[in-house]
$ cat model_14.txt   # compact mmCIF, C-alpha atoms
# COMPACT_ATOMS: atom_id res chain seq x y z
CA MET A 30 17.17 -6.25 -7.66
CA LEU A 31 15.20 -4.28 -5.14
CA PRO A 32 15.04 -0.56 -5.85
CA HIS A 33 17.83 1.11 -3.92
CA LEU A 34 16.60 4.48 -2.83
CA HIS A 35 19.52 5.81 -0.85
CA SER A 36 19.32 9.56 -0.74
CA SER A 37 22.40 11.34 -1.89
CA MET A 38 21.40 14.32 0.22
CA SER A 39 20.42 14.54 3.84
CA PRO A 40 18.02 11.90 5.12
CA LEU A 41 15.70 14.73 6.08
CA ALA A 42 15.17 15.66 2.44
CA ALA A 43 14.13 12.09 1.71
CA TYR A 44 11.60 12.07 4.55
CA LEU A 45 10.16 15.39 3.46
CA VAL A 46 9.59 14.46 -0.17
CA ILE A 47 8.24 11.09 0.85
CA GLY A 48 5.90 12.72 3.35
CA LEU A 49 4.70 15.11 0.70
CA GLY A 50 4.24 12.41 -1.92
CA SER A 51 2.46 10.14 0.51
CA ALA A 52 0.15 12.96 1.58
CA LEU A 53 -0.79 13.64 -2.02
CA GLY A 54 -1.20 9.95 -2.77
CA GLY A 55 -3.33 9.48 0.31
CA VAL A 56 -5.72 12.30 -0.44
CA ALA A 57 -5.99 11.08 -4.03
CA ARG A 58 -6.88 7.66 -2.71
CA TYR A 59 -9.45 9.21 -0.39
CA GLY A 60 -10.91 11.19 -3.28
CA CYS A 61 -11.18 8.06 -5.39
CA GLY A 62 -13.03 6.41 -2.52
CA VAL A 63 -15.52 9.26 -2.32
CA LEU A 64 -15.97 9.13 -6.08
CA ALA A 65 -16.52 5.37 -5.99
CA ALA A 66 -19.20 5.67 -3.32
CA ALA A 67 -20.99 8.22 -5.46
CA LEU A 68 -20.52 6.39 -8.75
CA TRP A 69 -21.15 2.75 -7.92
CA PRO A 70 -21.84 1.98 -4.27
CA VAL A 71 -21.74 -1.80 -4.30
CA ALA A 72 -20.55 -4.13 -1.57
CA PHE A 73 -17.32 -4.99 -3.34
CA PRO A 74 -14.03 -3.07 -3.06
CA TRP A 75 -13.58 -2.44 -6.76
CA MET A 76 -12.09 1.03 -6.28
CA THR A 77 -9.31 -0.29 -4.06
CA ILE A 78 -8.44 -2.69 -6.87
CA VAL A 79 -8.43 0.18 -9.39
CA ILE A 80 -6.26 2.32 -7.11
CA ASN A 81 -3.77 -0.49 -6.56
CA ILE A 82 -3.65 -1.24 -10.28
CA LEU A 83 -2.94 2.39 -11.16
CA GLY A 84 -0.27 2.72 -8.50
CA SER A 85 1.36 -0.52 -9.55
CA PHE A 86 1.44 0.54 -13.18
CA VAL A 87 2.97 3.90 -12.34
CA ILE A 88 5.65 2.45 -10.07
CA GLY A 89 6.51 -0.17 -12.66
CA MET A 90 6.83 2.42 -15.35
CA PHE A 91 8.73 4.96 -13.30
CA ALA A 92 11.16 2.44 -11.88
CA THR A 93 12.29 1.54 -15.38
CA LEU A 94 12.04 5.02 -16.87
CA ALA A 95 14.12 6.50 -14.07
CA GLY A 96 16.29 3.42 -13.62
CA PRO A 97 19.93 2.86 -14.58
CA ASP A 98 19.21 2.45 -18.29
CA GLY A 99 16.33 4.88 -18.19
CA ARG A 100 15.56 7.83 -20.33
CA LEU A 101 14.39 9.89 -17.39
CA LEU A 102 17.44 11.36 -15.74
CA VAL A 103 16.16 12.29 -12.32
CA GLY A 104 17.83 12.22 -8.94
CA THR A 105 17.19 10.00 -5.98
CA LEU A 106 14.75 12.42 -4.41
CA TRP A 107 12.48 12.32 -7.44
CA ARG A 108 12.47 8.55 -7.35
CA GLN A 109 11.63 8.61 -3.68
CA PHE A 110 8.90 11.19 -4.20
CA VAL A 111 7.16 9.23 -6.93
CA MET A 112 7.76 5.63 -5.92
CA VAL A 113 7.88 5.66 -2.14
CA GLY A 114 5.75 8.78 -1.73
CA LEU A 115 3.07 9.03 -4.40
CA CYS A 116 2.67 5.37 -5.31
CA GLY A 117 3.21 4.20 -1.75
CA GLY A 118 0.70 6.65 -0.33
CA TYR A 119 -1.82 6.11 -3.09
CA THR A 120 -1.88 2.32 -2.97
CA THR A 121 -2.89 0.43 0.13
CA PHE A 122 -2.50 -3.08 1.45
CA SER A 123 -4.38 -2.39 4.69
CA SER A 124 -7.67 -1.52 3.00
CA PHE A 125 -7.27 -4.55 0.77
CA SER A 126 -6.77 -6.76 3.84
CA LEU A 127 -9.69 -5.27 5.75
CA GLU A 128 -12.05 -5.41 2.79
CA THR A 129 -11.16 -9.04 2.12
CA PHE A 130 -11.67 -9.84 5.79
CA VAL A 131 -15.06 -8.07 5.84
CA LEU A 132 -16.20 -10.15 2.88
CA LEU A 133 -15.14 -13.34 4.65
CA ARG A 134 -16.91 -12.25 7.82
CA ALA A 135 -20.04 -11.50 5.81
CA GLY A 136 -20.09 -15.10 4.62
CA ARG A 137 -18.96 -14.25 1.09
CA PRO A 138 -15.85 -16.36 0.55
CA LEU A 139 -16.14 -16.28 -3.22
CA ALA A 140 -16.19 -12.50 -3.25
CA ALA A 141 -13.25 -12.48 -0.85
CA GLY A 142 -11.35 -14.88 -3.06
CA ALA A 143 -12.19 -12.83 -6.13
CA ASN A 144 -10.84 -9.72 -4.41
CA VAL A 145 -7.57 -11.47 -3.65
CA VAL A 146 -7.15 -13.05 -7.07
CA LEU A 147 -8.15 -9.95 -9.02
CA SER A 148 -5.94 -7.69 -6.94
CA LEU A 149 -2.92 -9.94 -7.34
CA VAL A 150 -3.33 -10.77 -11.00
CA LEU A 151 -4.25 -7.29 -12.16
CA CYS A 152 -1.66 -5.46 -10.05
CA LEU A 153 1.16 -7.77 -11.03
CA ALA A 154 0.09 -7.49 -14.66
CA ALA A 155 -0.02 -3.70 -14.27
CA VAL A 156 3.48 -3.39 -12.79
CA TRP A 157 4.83 -5.59 -15.54
CA LEU A 158 3.04 -3.61 -18.24
CA GLY A 159 4.36 -0.37 -16.75
CA HIS A 160 7.85 -1.81 -16.89
CA ARG A 161 7.40 -2.93 -20.50
CA ALA A 162 5.98 0.42 -21.56
CA ALA A 163 8.96 2.18 -20.02
CA ARG A 164 11.37 -0.17 -21.72
CA ARG A 165 9.76 0.80 -25.01
CA LEU A 166 10.13 4.45 -24.19
CA ASN A 167 13.73 3.96 -23.15
CA GLN A 168 14.73 2.64 -26.55
CA MET B 8 -12.53 18.09 7.11
CA GLU B 9 -11.77 14.41 6.88
CA TRP B 10 -9.44 15.01 3.98
CA ALA B 11 -7.18 17.10 6.21
CA TRP B 12 -6.77 14.17 8.58
CA VAL B 13 -6.15 11.85 5.64
CA ILE B 14 -3.36 14.15 4.43
CA ILE B 15 -1.68 14.30 7.82
CA GLY B 16 -2.07 10.59 8.50
CA SER B 17 -0.91 9.53 5.08
CA ALA B 18 2.16 11.79 5.26
CA LEU B 19 3.12 10.33 8.64
CA GLY B 20 2.35 6.80 7.50
CA GLY B 21 4.47 7.17 4.40
CA MET B 22 7.43 8.55 6.29
CA ALA B 23 7.14 5.78 8.84
CA ARG B 24 6.99 3.21 6.05
CA TYR B 25 10.19 4.61 4.56
CA GLY B 26 11.97 4.51 7.89
CA VAL B 27 10.78 1.09 8.97
CA SER B 28 11.09 -0.71 5.67
CA GLY B 29 14.51 0.81 5.11
CA GLY B 30 15.60 -0.16 8.59
CA VAL B 31 14.34 -3.71 8.20
CA ALA B 32 16.00 -4.04 4.81
CA ARG B 33 19.34 -2.90 6.22
CA ARG B 34 19.02 -5.28 9.14
CA ILE B 35 17.81 -8.43 7.42
CA GLY B 36 19.08 -7.88 3.92
CA GLU B 37 17.47 -7.16 0.62
CA THR B 38 17.22 -10.54 -1.04
CA PHE B 39 13.60 -10.59 0.03
CA PRO B 40 11.26 -7.62 0.59
CA TRP B 41 11.03 -8.07 4.37
CA GLY B 42 10.58 -4.34 4.88
CA THR B 43 7.46 -4.09 2.77
CA LEU B 44 6.09 -7.28 4.28
CA THR B 45 6.62 -5.85 7.76
CA VAL B 46 4.79 -2.58 7.13
CA ASN B 47 1.94 -4.28 5.35
CA VAL B 48 1.41 -6.77 8.16
CA VAL B 49 1.58 -4.10 10.88
CA GLY B 50 -0.70 -1.76 8.93
CA SER B 51 -3.21 -4.54 8.38
CA PHE B 52 -3.22 -5.30 12.09
CA VAL B 53 -3.85 -1.68 13.00
CA ILE B 54 -6.66 -1.19 10.50
CA GLY B 55 -8.28 -4.35 11.82
CA LEU B 56 -7.92 -3.04 15.35
CA PHE B 57 -9.71 0.23 14.59
CA ALA B 58 -12.37 -1.06 12.20
CA ALA B 59 -15.03 -2.02 14.74
CA PRO B 60 -14.48 0.83 17.22
CA VAL B 61 -14.68 3.39 14.41
CA ALA B 62 -17.80 1.90 12.85
CA PRO B 63 -21.23 3.21 13.91
CA GLY B 64 -22.05 1.63 17.25
CA GLY B 65 -18.44 1.10 18.15
CA ALA B 66 -16.46 2.63 20.98
CA LEU B 67 -15.38 5.46 18.69
CA GLY B 68 -18.54 5.27 16.60
CA GLY B 69 -19.23 8.42 14.68
CA GLU B 70 -15.68 9.66 15.05
CA ARG B 71 -15.06 9.87 11.36
CA MET B 72 -11.99 11.99 11.86
CA VAL B 73 -10.35 9.13 13.76
CA GLY B 74 -11.13 6.75 10.93
CA ALA B 75 -9.86 9.25 8.39
CA PHE B 76 -6.65 9.80 10.32
CA VAL B 77 -5.83 6.26 11.44
CA MET B 78 -7.35 4.00 8.82
CA THR B 79 -7.38 5.98 5.59
CA GLY B 80 -4.40 8.11 6.56
CA LEU B 81 -1.91 6.24 8.73
CA CYS B 82 -2.65 2.69 7.61
CA GLY B 83 -3.20 3.70 4.02
CA GLY B 84 0.05 5.62 3.90
CA TYR B 85 1.98 3.07 5.91
CA THR B 86 1.05 0.09 3.76
CA THR B 87 1.72 -0.19 0.08
CA PHE B 88 0.57 -2.40 -2.77
CA SER B 89 2.79 -0.74 -5.38
CA SER B 90 6.06 -1.67 -3.68
CA PHE B 91 4.76 -5.18 -3.17
CA SER B 92 3.99 -5.42 -6.89
CA LEU B 93 7.32 -3.97 -7.98
CA GLN B 94 9.36 -6.12 -5.64
CA THR B 95 7.50 -9.25 -6.72
CA LEU B 96 8.15 -8.32 -10.35
CA ASN B 97 11.84 -7.74 -9.68
CA LEU B 98 12.20 -11.08 -7.96
CA ALA B 99 10.58 -12.77 -10.96
CA ARG B 100 12.74 -10.86 -13.43
CA ASP B 101 15.82 -11.96 -11.50
CA GLY B 102 14.69 -15.53 -11.86
CA GLU B 103 13.84 -15.81 -8.17
CA TRP B 104 10.48 -17.42 -8.77
CA PRO B 105 10.20 -19.27 -5.44
CA ARG B 106 10.86 -16.01 -3.60
CA ALA B 107 8.38 -14.14 -5.78
CA LEU B 108 5.73 -16.72 -5.00
CA ALA B 109 6.68 -16.73 -1.33
CA ASN B 110 6.29 -12.95 -1.23
CA ILE B 111 2.80 -13.22 -2.66
CA VAL B 112 1.67 -16.02 -0.38
CA ALA B 113 3.29 -14.60 2.75
CA SER B 114 1.88 -11.14 2.13
CA ILE B 115 -1.66 -12.36 1.62
CA VAL B 116 -1.69 -14.92 4.41
CA LEU B 117 0.12 -12.84 7.03
CA CYS B 118 -1.84 -9.66 6.28
CA LEU B 119 -5.15 -11.48 6.48
CA LEU B 120 -4.08 -13.09 9.76
CA ALA B 121 -3.01 -9.65 10.98
CA VAL B 122 -6.30 -7.95 10.17
CA TRP B 123 -8.15 -10.81 11.80
CA ALA B 124 -5.99 -10.58 14.92
CA GLY B 125 -6.41 -6.81 15.02
CA SER B 126 -10.16 -7.04 14.75
CA ALA B 127 -10.28 -9.75 17.42
CA LEU B 128 -8.39 -7.43 19.74
CA GLY B 129 -10.60 -4.50 18.73
CA ALA B 130 -13.69 -6.52 19.61
CA LEU B 131 -12.42 -6.67 23.19
CA ILE B 132 -12.61 -2.87 23.46
CA PRO B 133 -15.74 -2.03 25.43
CA GLY B 134 -18.08 0.75 24.49
CA GLY B 135 -20.37 1.87 21.78
$ encode --input "model_14.txt" --output "structure tokens"
Amino acid sequence: MLPHLHSSMSPLAAYLVIGLGSALGGVARYGCGVLAAALWPVAFPWMTIVINILGSFVIGMFATLAGPDGRLLVGTLWRQFVMVGLCGGYTTFSSFSLETFVLLRAGRPLAAGANVVLSLVLCLAAVWLGHRAARRLNQ
Amino acid sequence: MEWAWVIIGSALGGMARYGVSGGVARRIGETFPWGTLTVNVVGSFVIGLFAAPVAPGGALGGERMVGAFVMTGLCGGYTTFSSFSLQTLNLARDGEWPRALANIVASIVLCLLAVWAGSALGALIPGG
């Protein structure tokens, strides 16, 4: 049910690939933030939503592509690199929480509510779509 | 040079997330994504804690490297929305709809409470 990511090799290898993936994901997230500020600097965390959607889509797709019935025959370390590392480092719940809180504090409850609803609906739709796309590819 | 601190922080945050969420899952069991919930709540608390001090006028005001390292890096790497999404999806696919809904509600409510608590604590830090 939950993705089992037990490393078949040393635990150290898992930490290393996850550290690497998370580093890459993090800097990509940072870059997206810089881009967003340059592109459309509005007082709404739309880029965090985009980032979380992308990461959710990718993890949904990869989990099924590289899963038990998947077409992608990769080892545990690859799964850890992509899912725990890249997607985990790229997406963020902390920024989402802080940005929602800032909107509430600024007396903008509707914007805060929109951030929550959009993030949830779009990210859950994205992970599901990623899963469905992978199922297609697996056939 | 902020990006360098983001890289380091995010790497550390991600590794810590793996360790903690795995440890929690082994302890409590994997019928519910307690591990992801734990890291997201803790990460939300920490980002709330640092938000005011790191902002201009705060105790650490102007220290953008600290914000890059702790908030964008550590907290960003430590927390995850993708695992939350996937685990919610898997619960739903397994027919565990109450748990899927509980994961959503608990994550949102507890993380918002955490960021609020963190910022309340951060407001007690003198300076700036």
$ closest_residue --input "model_14.txt" --among "A:Ser39, A:Thr93, A:Thr77, A:Thr120" --to "A:Gly54" --atoms "all atoms listed in the file"
A:Thr120
$ interface_residues --input "model_14.txt" --of "chain B" --to "chain A" --cutoff "8 Å" --atoms "only C-alpha atoms" --output "ChimeraX atom specification"
/B:10,13-22,25,37-38,40,47,50-51,54-55,79-80,82-90,92-98,101,115,118-119,122-123
$ atom_distance --input "model_14.txt" --atom1 "atom CA of A:Arg165" --atom2 "atom CA of B:Ala109"
29.6 Å
$ atom_distance --input "model_14.txt" --atom1 "atom CA of B:Glu9" --atom2 "atom CA of B:Phe57"
16.3 Å
$ axis_aligned_box --input "model_14.txt" --around "stretch 95-111 of chain B" --padding-each-side "3 Å" --output "AutoDock Vina command-line options"
--center_x 9.3 --center_y -13.5 --center_z -7.3 --size_x 19.0 --size_y 17.5 --size_z 18.2
$ closest_residue --input "model_14.txt" --among "B:Ala23, B:Leu108, B:Leu67, B:Val48" --to "B:Leu120" --atoms "only C-alpha atoms"
B:Val48
$ atom_distance --input "model_14.txt" --atom1 "atom CA of A:Cys61" --atom2 "atom CA of A:Pro74"
11.7 Å
$ closest_residue --input "model_14.txt" --among "A:Val71, A:Ala141, A:Ala95, A:Val63" --to "A:Arg108" --atoms "only C-alpha atoms"
A:Ala95
$ closest_residue --input "model_14.txt" --among "A:Val79, A:Ala72, A:Leu102, A:Val111" --to "A:Ala135" --atoms "all atoms listed in the file"
A:Ala72
$ residues_near_point --input "model_14.txt" --point "(16.8, 7.2, -22.4)" --cutoff "8 Å" --atoms "only C-alpha atoms" --output "list in words"
Leu94, Asp98, Gly99, Arg100, Leu101, Leu102, Leu166, Asn167 and Gln168 of chain A
$ residues_around --input "model_14.txt" --residues "B:Asn110" --least-positions-apart "2" --cutoff "8 Å" --atoms "all atoms listed in the file" --output "PyMOL selection string"
chain B and resi 39-40+44+95+106-108+112-114
$ closest_residue --input "model_14.txt" --among "B:Phe91, B:Trp12, B:Trp104, B:Trp41" --to "B:Met78" --atoms "only C-alpha atoms"
B:Trp12
